[in-house]
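Below is work-v4.txt, holding compact mmCIF, N, CA and C atoms.
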```
# COMPACT_ATOMS: atom_id res chain seq x y z
N MET A 799 1.20 -10.22 -6.01
CA MET A 799 0.15 -10.06 -6.98
C MET A 799 -1.13 -10.71 -6.47
N SER A 800 -2.18 -10.49 -7.18
CA SER A 800 -3.48 -11.02 -6.81
C SER A 800 -3.49 -12.55 -6.87
N ASP A 801 -4.39 -13.16 -6.09
CA ASP A 801 -4.53 -14.61 -6.11
C ASP A 801 -5.37 -15.09 -7.29
N LYS A 802 -6.02 -14.16 -8.00
CA LYS A 802 -6.88 -14.52 -9.11
C LYS A 802 -6.03 -14.88 -10.33
N PRO A 803 -6.48 -15.87 -11.11
CA PRO A 803 -5.71 -16.25 -12.30
C PRO A 803 -5.75 -15.13 -13.35
N MET A 804 -4.63 -14.92 -14.00
CA MET A 804 -4.53 -13.93 -15.06
C MET A 804 -4.92 -14.60 -16.38
N THR A 805 -5.69 -13.90 -17.19
CA THR A 805 -6.13 -14.50 -18.43
C THR A 805 -5.44 -13.91 -19.66
N SER A 806 -4.77 -12.79 -19.50
CA SER A 806 -4.14 -12.21 -20.68
C SER A 806 -2.83 -11.54 -20.31
N LEU A 807 -1.99 -11.40 -21.31
CA LEU A 807 -0.72 -10.70 -21.12
C LEU A 807 -0.97 -9.26 -20.68
N GLU A 808 -2.01 -8.64 -21.21
CA GLU A 808 -2.38 -7.27 -20.82
C GLU A 808 -2.66 -7.19 -19.31
N GLN A 809 -3.41 -8.14 -18.77
CA GLN A 809 -3.71 -8.15 -17.34
C GLN A 809 -2.45 -8.37 -16.52
N ILE A 810 -1.57 -9.23 -16.99
CA ILE A 810 -0.32 -9.49 -16.28
C ILE A 810 0.52 -8.22 -16.25
N ARG A 811 0.62 -7.54 -17.37
CA ARG A 811 1.39 -6.29 -17.43
C ARG A 811 0.80 -5.22 -16.52
N LEU A 812 -0.51 -5.09 -16.51
CA LEU A 812 -1.15 -4.10 -15.64
C LEU A 812 -0.91 -4.41 -14.17
N GLU A 813 -1.04 -5.67 -13.81
CA GLU A 813 -0.81 -6.08 -12.42
C GLU A 813 0.65 -5.84 -12.02
N ALA A 814 1.57 -6.15 -12.93
CA ALA A 814 2.99 -5.92 -12.65
C ALA A 814 3.29 -4.44 -12.49
N ARG A 815 2.72 -3.61 -13.34
CA ARG A 815 2.91 -2.16 -13.21
C ARG A 815 2.37 -1.65 -11.88
N LEU A 816 1.19 -2.12 -11.52
CA LEU A 816 0.59 -1.69 -10.25
C LEU A 816 1.45 -2.11 -9.08
N LEU A 817 1.94 -3.34 -9.10
CA LEU A 817 2.80 -3.82 -8.02
C LEU A 817 4.08 -2.99 -7.94
N ALA A 818 4.67 -2.66 -9.08
CA ALA A 818 5.88 -1.83 -9.10
C ALA A 818 5.60 -0.44 -8.52
N ILE A 819 4.49 0.16 -8.92
CA ILE A 819 4.12 1.48 -8.40
C ILE A 819 3.91 1.43 -6.90
N GLU A 820 3.21 0.41 -6.42
CA GLU A 820 2.97 0.27 -4.98
C GLU A 820 4.28 0.16 -4.21
N ASN A 821 5.20 -0.65 -4.70
CA ASN A 821 6.47 -0.83 -4.00
C ASN A 821 7.32 0.43 -4.02
N ILE A 822 7.35 1.12 -5.14
CA ILE A 822 8.11 2.37 -5.21
C ILE A 822 7.48 3.42 -4.29
N LEU A 823 6.17 3.55 -4.34
CA LEU A 823 5.48 4.50 -3.48
C LEU A 823 5.72 4.19 -2.00
N ALA A 824 5.62 2.93 -1.64
CA ALA A 824 5.84 2.54 -0.24
C ALA A 824 7.26 2.86 0.20
N GLY A 825 8.22 2.54 -0.64
CA GLY A 825 9.62 2.84 -0.31
C GLY A 825 9.88 4.32 -0.17
N LEU A 826 9.35 5.11 -1.10
CA LEU A 826 9.54 6.56 -1.04
C LEU A 826 8.87 7.16 0.19
N PHE A 827 7.65 6.73 0.45
CA PHE A 827 6.92 7.26 1.60
C PHE A 827 7.63 6.91 2.90
N ALA A 828 8.10 5.69 3.01
CA ALA A 828 8.83 5.27 4.21
C ALA A 828 10.11 6.08 4.36
N ASP A 829 10.80 6.33 3.25
CA ASP A 829 12.04 7.11 3.29
C ASP A 829 11.76 8.56 3.70
N ILE A 830 10.70 9.14 3.17
CA ILE A 830 10.34 10.52 3.54
C ILE A 830 10.02 10.58 5.03
N ASN A 831 9.26 9.61 5.53
CA ASN A 831 8.94 9.59 6.95
C ASN A 831 10.20 9.47 7.79
N ARG A 832 11.10 8.58 7.38
CA ARG A 832 12.35 8.37 8.14
C ARG A 832 13.16 9.66 8.16
N ARG A 833 13.31 10.29 7.01
CA ARG A 833 14.11 11.52 6.93
C ARG A 833 13.47 12.67 7.71
N SER A 834 12.14 12.63 7.81
CA SER A 834 11.42 13.69 8.53
C SER A 834 11.33 13.40 10.02
N GLY A 835 11.84 12.26 10.45
CA GLY A 835 11.82 11.91 11.87
C GLY A 835 10.48 11.41 12.36
N VAL A 836 9.62 10.95 11.45
CA VAL A 836 8.32 10.41 11.85
C VAL A 836 8.54 9.00 12.40
N SER A 837 8.11 8.79 13.62
CA SER A 837 8.30 7.47 14.23
C SER A 837 7.29 6.48 13.67
N PHE A 838 7.60 5.22 13.85
CA PHE A 838 6.69 4.16 13.41
C PHE A 838 5.33 4.31 14.08
N GLU A 839 5.32 4.67 15.35
CA GLU A 839 4.06 4.85 16.08
C GLU A 839 3.26 6.02 15.52
N GLN A 840 3.95 7.13 15.18
CA GLN A 840 3.26 8.28 14.60
C GLN A 840 2.66 7.91 13.25
N PHE A 841 3.43 7.17 12.45
CA PHE A 841 2.91 6.76 11.15
C PHE A 841 1.70 5.86 11.32
N SER A 842 1.79 4.91 12.22
CA SER A 842 0.67 3.98 12.44
C SER A 842 -0.59 4.72 12.86
N ALA A 843 -0.44 5.71 13.73
CA ALA A 843 -1.59 6.50 14.17
C ALA A 843 -2.17 7.30 13.01
N ALA A 844 -1.31 7.89 12.20
CA ALA A 844 -1.77 8.67 11.05
C ALA A 844 -2.45 7.77 10.02
N ALA A 845 -1.91 6.58 9.81
CA ALA A 845 -2.51 5.64 8.86
C ALA A 845 -3.90 5.22 9.32
N GLU A 846 -4.05 4.95 10.60
CA GLU A 846 -5.36 4.57 11.13
C GLU A 846 -6.35 5.71 10.97
N GLU A 847 -5.90 6.94 11.22
CA GLU A 847 -6.77 8.10 11.05
C GLU A 847 -7.19 8.26 9.59
N MET A 848 -6.24 8.06 8.67
CA MET A 848 -6.57 8.16 7.24
C MET A 848 -7.61 7.12 6.85
N GLN A 849 -7.48 5.91 7.35
CA GLN A 849 -8.45 4.86 7.03
C GLN A 849 -9.83 5.19 7.57
N GLN A 850 -9.89 5.73 8.79
CA GLN A 850 -11.18 6.09 9.36
C GLN A 850 -11.84 7.21 8.56
N GLU A 851 -11.05 8.20 8.15
CA GLU A 851 -11.60 9.29 7.33
C GLU A 851 -12.09 8.77 5.99
N LEU A 852 -11.35 7.84 5.41
CA LEU A 852 -11.75 7.25 4.13
C LEU A 852 -13.10 6.56 4.27
N ARG A 853 -13.27 5.78 5.32
CA ARG A 853 -14.53 5.06 5.53
C ARG A 853 -15.71 6.03 5.57
N GLN A 854 -15.49 7.20 6.16
CA GLN A 854 -16.56 8.18 6.28
C GLN A 854 -16.82 8.91 4.95
N GLN A 855 -15.77 9.10 4.15
CA GLN A 855 -15.90 9.91 2.94
C GLN A 855 -16.18 9.11 1.68
N LEU A 856 -15.83 7.84 1.66
CA LEU A 856 -15.92 7.06 0.43
C LEU A 856 -17.35 6.64 0.16
N VAL A 857 -17.94 7.32 -0.80
CA VAL A 857 -19.28 6.99 -1.26
C VAL A 857 -19.19 6.90 -2.78
N VAL A 858 -19.57 5.76 -3.31
CA VAL A 858 -19.52 5.56 -4.75
C VAL A 858 -20.94 5.69 -5.29
N ALA A 859 -21.12 6.68 -6.16
CA ALA A 859 -22.44 6.90 -6.73
C ALA A 859 -22.78 5.80 -7.72
N GLY A 860 -24.00 5.41 -7.74
CA GLY A 860 -24.44 4.39 -8.68
C GLY A 860 -25.83 3.91 -8.34
N SER A 861 -26.47 3.33 -9.32
CA SER A 861 -27.83 2.87 -9.09
C SER A 861 -27.88 1.54 -8.35
N ASP A 862 -26.81 0.77 -8.44
CA ASP A 862 -26.76 -0.54 -7.79
C ASP A 862 -25.94 -0.43 -6.50
N SER A 863 -26.62 -0.50 -5.36
CA SER A 863 -25.92 -0.32 -4.08
C SER A 863 -24.92 -1.44 -3.82
N ALA A 864 -25.18 -2.64 -4.32
CA ALA A 864 -24.23 -3.75 -4.12
C ALA A 864 -22.91 -3.47 -4.84
N ILE A 865 -22.99 -2.94 -6.05
CA ILE A 865 -21.78 -2.58 -6.80
C ILE A 865 -21.06 -1.44 -6.10
N SER A 866 -21.79 -0.44 -5.64
CA SER A 866 -21.19 0.68 -4.92
C SER A 866 -20.46 0.20 -3.67
N ASP A 867 -21.10 -0.71 -2.93
CA ASP A 867 -20.48 -1.26 -1.72
C ASP A 867 -19.23 -2.06 -2.06
N LEU A 868 -19.30 -2.83 -3.13
CA LEU A 868 -18.15 -3.62 -3.57
C LEU A 868 -16.97 -2.72 -3.93
N ILE A 869 -17.23 -1.68 -4.69
CA ILE A 869 -16.16 -0.75 -5.09
C ILE A 869 -15.57 -0.08 -3.86
N ALA A 870 -16.42 0.39 -2.96
CA ALA A 870 -15.93 1.05 -1.74
C ALA A 870 -15.06 0.09 -0.93
N THR A 871 -15.48 -1.15 -0.81
CA THR A 871 -14.71 -2.15 -0.06
C THR A 871 -13.37 -2.42 -0.73
N GLU A 872 -13.38 -2.56 -2.06
CA GLU A 872 -12.13 -2.82 -2.79
C GLU A 872 -11.15 -1.66 -2.63
N VAL A 873 -11.63 -0.43 -2.73
CA VAL A 873 -10.76 0.75 -2.57
C VAL A 873 -10.20 0.78 -1.15
N GLU A 874 -11.05 0.55 -0.17
CA GLU A 874 -10.60 0.55 1.23
C GLU A 874 -9.54 -0.52 1.47
N GLN A 875 -9.75 -1.71 0.93
CA GLN A 875 -8.78 -2.79 1.10
C GLN A 875 -7.46 -2.48 0.39
N ALA A 876 -7.55 -1.86 -0.77
CA ALA A 876 -6.33 -1.49 -1.51
C ALA A 876 -5.52 -0.46 -0.75
N ILE A 877 -6.19 0.51 -0.17
CA ILE A 877 -5.49 1.54 0.61
C ILE A 877 -4.90 0.93 1.87
N ALA A 878 -5.64 0.06 2.53
CA ALA A 878 -5.13 -0.60 3.73
C ALA A 878 -3.88 -1.43 3.40
N ALA A 879 -3.91 -2.13 2.27
CA ALA A 879 -2.74 -2.93 1.87
C ALA A 879 -1.54 -2.04 1.58
N LEU A 880 -1.77 -0.91 0.93
CA LEU A 880 -0.66 0.00 0.63
C LEU A 880 -0.10 0.61 1.91
N LEU A 881 -0.96 0.99 2.84
CA LEU A 881 -0.48 1.54 4.12
C LEU A 881 0.32 0.48 4.89
N LYS A 882 -0.12 -0.77 4.83
CA LYS A 882 0.63 -1.85 5.48
C LYS A 882 2.00 -2.02 4.83
N LYS A 883 2.03 -1.93 3.51
CA LYS A 883 3.29 -2.07 2.79
C LYS A 883 4.25 -0.94 3.18
N ILE A 884 3.72 0.27 3.30
CA ILE A 884 4.55 1.41 3.72
C ILE A 884 5.07 1.17 5.13
N ALA A 885 4.21 0.70 6.02
CA ALA A 885 4.64 0.41 7.39
C ALA A 885 5.70 -0.68 7.40
N ASP A 886 5.53 -1.70 6.55
CA ASP A 886 6.53 -2.76 6.47
C ASP A 886 7.88 -2.21 6.02
N TYR A 887 7.86 -1.36 4.99
CA TYR A 887 9.10 -0.75 4.52
C TYR A 887 9.74 0.11 5.61
N ALA A 888 8.90 0.88 6.30
CA ALA A 888 9.42 1.75 7.36
C ALA A 888 10.04 0.92 8.48
N GLY A 889 9.37 -0.16 8.86
CA GLY A 889 9.89 -1.03 9.90
C GLY A 889 11.19 -1.69 9.47
N LEU A 890 11.26 -2.16 8.25
CA LEU A 890 12.49 -2.77 7.74
C LEU A 890 13.61 -1.75 7.68
N SER A 891 13.27 -0.54 7.30
CA SER A 891 14.28 0.51 7.20
C SER A 891 14.88 0.82 8.57
N LEU A 892 14.02 0.90 9.57
CA LEU A 892 14.51 1.18 10.92
C LEU A 892 15.36 0.03 11.45
N GLN A 893 14.95 -1.20 11.15
CA GLN A 893 15.67 -2.37 11.64
C GLN A 893 17.01 -2.56 10.93
N SER A 894 17.16 -2.02 9.75
CA SER A 894 18.37 -2.26 8.97
C SER A 894 19.28 -1.04 8.90
N GLY A 895 19.18 -0.17 9.88
CA GLY A 895 20.07 0.98 9.93
C GLY A 895 19.75 2.04 8.90
N ASN A 896 18.47 2.17 8.55
CA ASN A 896 18.00 3.17 7.61
C ASN A 896 18.63 3.08 6.23
N LYS A 897 18.87 1.86 5.76
CA LYS A 897 19.33 1.67 4.39
C LYS A 897 18.20 2.05 3.43
N PRO A 898 18.53 2.50 2.24
CA PRO A 898 17.47 2.81 1.28
C PRO A 898 16.72 1.53 0.88
N PRO A 899 15.45 1.65 0.44
CA PRO A 899 14.62 0.49 0.15
C PRO A 899 15.27 -0.51 -0.81
N GLN A 900 16.00 -0.05 -1.81
CA GLN A 900 16.59 -0.99 -2.77
C GLN A 900 17.67 -1.85 -2.14
N ASP A 901 18.22 -1.45 -0.98
CA ASP A 901 19.26 -2.22 -0.31
C ASP A 901 18.71 -3.14 0.77
N LEU A 902 17.41 -3.12 0.98
CA LEU A 902 16.80 -3.94 2.04
C LEU A 902 16.60 -5.36 1.54
N ASP A 903 16.75 -6.30 2.43
CA ASP A 903 16.47 -7.69 2.14
C ASP A 903 15.01 -7.93 2.53
N ILE A 904 14.10 -7.68 1.59
CA ILE A 904 12.68 -7.74 1.87
C ILE A 904 12.21 -9.17 1.70
N PRO A 905 11.58 -9.75 2.74
CA PRO A 905 11.05 -11.12 2.61
C PRO A 905 10.02 -11.21 1.50
N ALA A 906 9.89 -12.36 0.90
CA ALA A 906 8.96 -12.55 -0.22
C ALA A 906 7.53 -12.20 0.18
N SER A 907 7.12 -12.48 1.40
CA SER A 907 5.74 -12.19 1.83
C SER A 907 5.48 -10.70 1.90
N THR A 908 6.51 -9.88 2.12
CA THR A 908 6.36 -8.44 2.18
C THR A 908 6.32 -7.83 0.80
N LYS A 909 7.00 -8.45 -0.15
CA LYS A 909 7.08 -7.91 -1.50
C LYS A 909 5.74 -7.97 -2.23
N SER A 910 4.88 -8.90 -1.93
CA SER A 910 3.64 -9.02 -2.69
C SER A 910 2.55 -8.16 -2.14
```
How does this structure look as structure tokens?
Amino acid sequence: MSDKPMTSLEQIRLEARLLAIENILAGLFADINRRSGVSFEQFSAAAEEMQQELRQQLVVAGSDSAISDLIATEVEQAIAALLKKIADYAGLSLQSGNKPPQDLDIPASTKS
């Protein structure tokens, strides 16, 4: 979860839902790649290409350029974190004999 302090139960629930969605998405994506025979190197190259395309395409309209830049940076960082999480799941899956994500012993640092 985020390092920022949570101020309400609503924020905690939203952050928990987002974390759950990210982990499920990462596990599913890693499993699809594994079943499709996509190597870790191929995934890494594709992820880097996706990030470069995002940097070129992500323009947030608005009158305040500082806010637009902040939003663009936050979106880019969120996507980079999700791609890293997918790569982590894929790497763990390969190292553990392609067990499904729920059977992996994921270190605490990878889970967040």
Report the distance between CA of Lys883 (chain A) and atom C of Ala824 (chain A) in Å, rounded to one decimal place.
6.8 Å
For the alpha helix (DSSP H) assignment from backbone DSSP, which residues of region 804-906 of chain A qualify? Please present them as a PyMOL selection string.
chain A and resi 807-834+838-855+863-893+906
Applying 12 Å and only C-alpha atoms, which residues near Gln875 (chain A) remain after dropping the ones on its own chain fewer than 5 positions away? List them as a short mmCIF file (atom, residue, chain, number, x, y, z; two decimals) with N, CA and C atoms, in the frame of the given file.
```cif
data_model
loop_
_atom_site.label_atom_id
_atom_site.label_comp_id
_atom_site.auth_asym_id
_atom_site.auth_seq_id
_atom_site.Cartn_x
_atom_site.Cartn_y
_atom_site.Cartn_z
N GLN A 849 -7.48 5.91 7.35
CA GLN A 849 -8.45 4.86 7.03
C GLN A 849 -9.83 5.19 7.57
N LEU A 852 -11.35 7.84 5.41
CA LEU A 852 -11.75 7.25 4.13
C LEU A 852 -13.10 6.56 4.27
N ARG A 853 -13.27 5.78 5.32
CA ARG A 853 -14.53 5.06 5.53
C ARG A 853 -15.71 6.03 5.57
N LEU A 868 -19.30 -2.83 -3.13
CA LEU A 868 -18.15 -3.62 -3.57
C LEU A 868 -16.97 -2.72 -3.93
N ILE A 869 -17.23 -1.68 -4.69
CA ILE A 869 -16.16 -0.75 -5.09
C ILE A 869 -15.57 -0.08 -3.86
N ALA A 870 -16.42 0.39 -2.96
CA ALA A 870 -15.93 1.05 -1.74
C ALA A 870 -15.06 0.09 -0.93
N LEU A 880 -1.77 -0.91 0.93
CA LEU A 880 -0.66 0.00 0.63
C LEU A 880 -0.10 0.61 1.91
N LEU A 881 -0.96 0.99 2.84
CA LEU A 881 -0.48 1.54 4.12
C LEU A 881 0.32 0.48 4.89
N LYS A 882 -0.12 -0.77 4.83
CA LYS A 882 0.63 -1.85 5.48
C LYS A 882 2.00 -2.02 4.83
#
```
To one decimal place, how far is CA of Ala859 (chain A) from CA of Glu808 (chain A) in Å?
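These atoms are spaced 28.3 Å apart.
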Box time for region 815-825 of chain A: axis-aligned, enclosing all its listed atoms, 8 Å extra on each side; report centre and edge lengths in Å to one decimal, as lines of an AutoDock Vina configuration file.
```
center_x = 5.2
center_y = 0.3
center_z = -6.6
size_x = 25.3
size_y = 24.3
size_z = 29.5
```
Would you pick out the contacts of Phe827 (chain A) at 8 Å or less, using only N, CA and C atoms, so that residues sharing its chain but fewer than 6 positions from it are not included, and give the list as a count of residues only?
6
CA of Asn831 (chain A) to CA of Val873 (chain A): how many Å, to one decimal?
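A separation of 23.6 Å between them.
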Could you list, as number ranges by chain, every residue within 10 Å of Phe838 (chain A), counting only C-alpha atoms and ignoring same-chain residues fewer than 5 positions away?
A: 828, 831-832, 843-844, 885-886, 888-889, 892
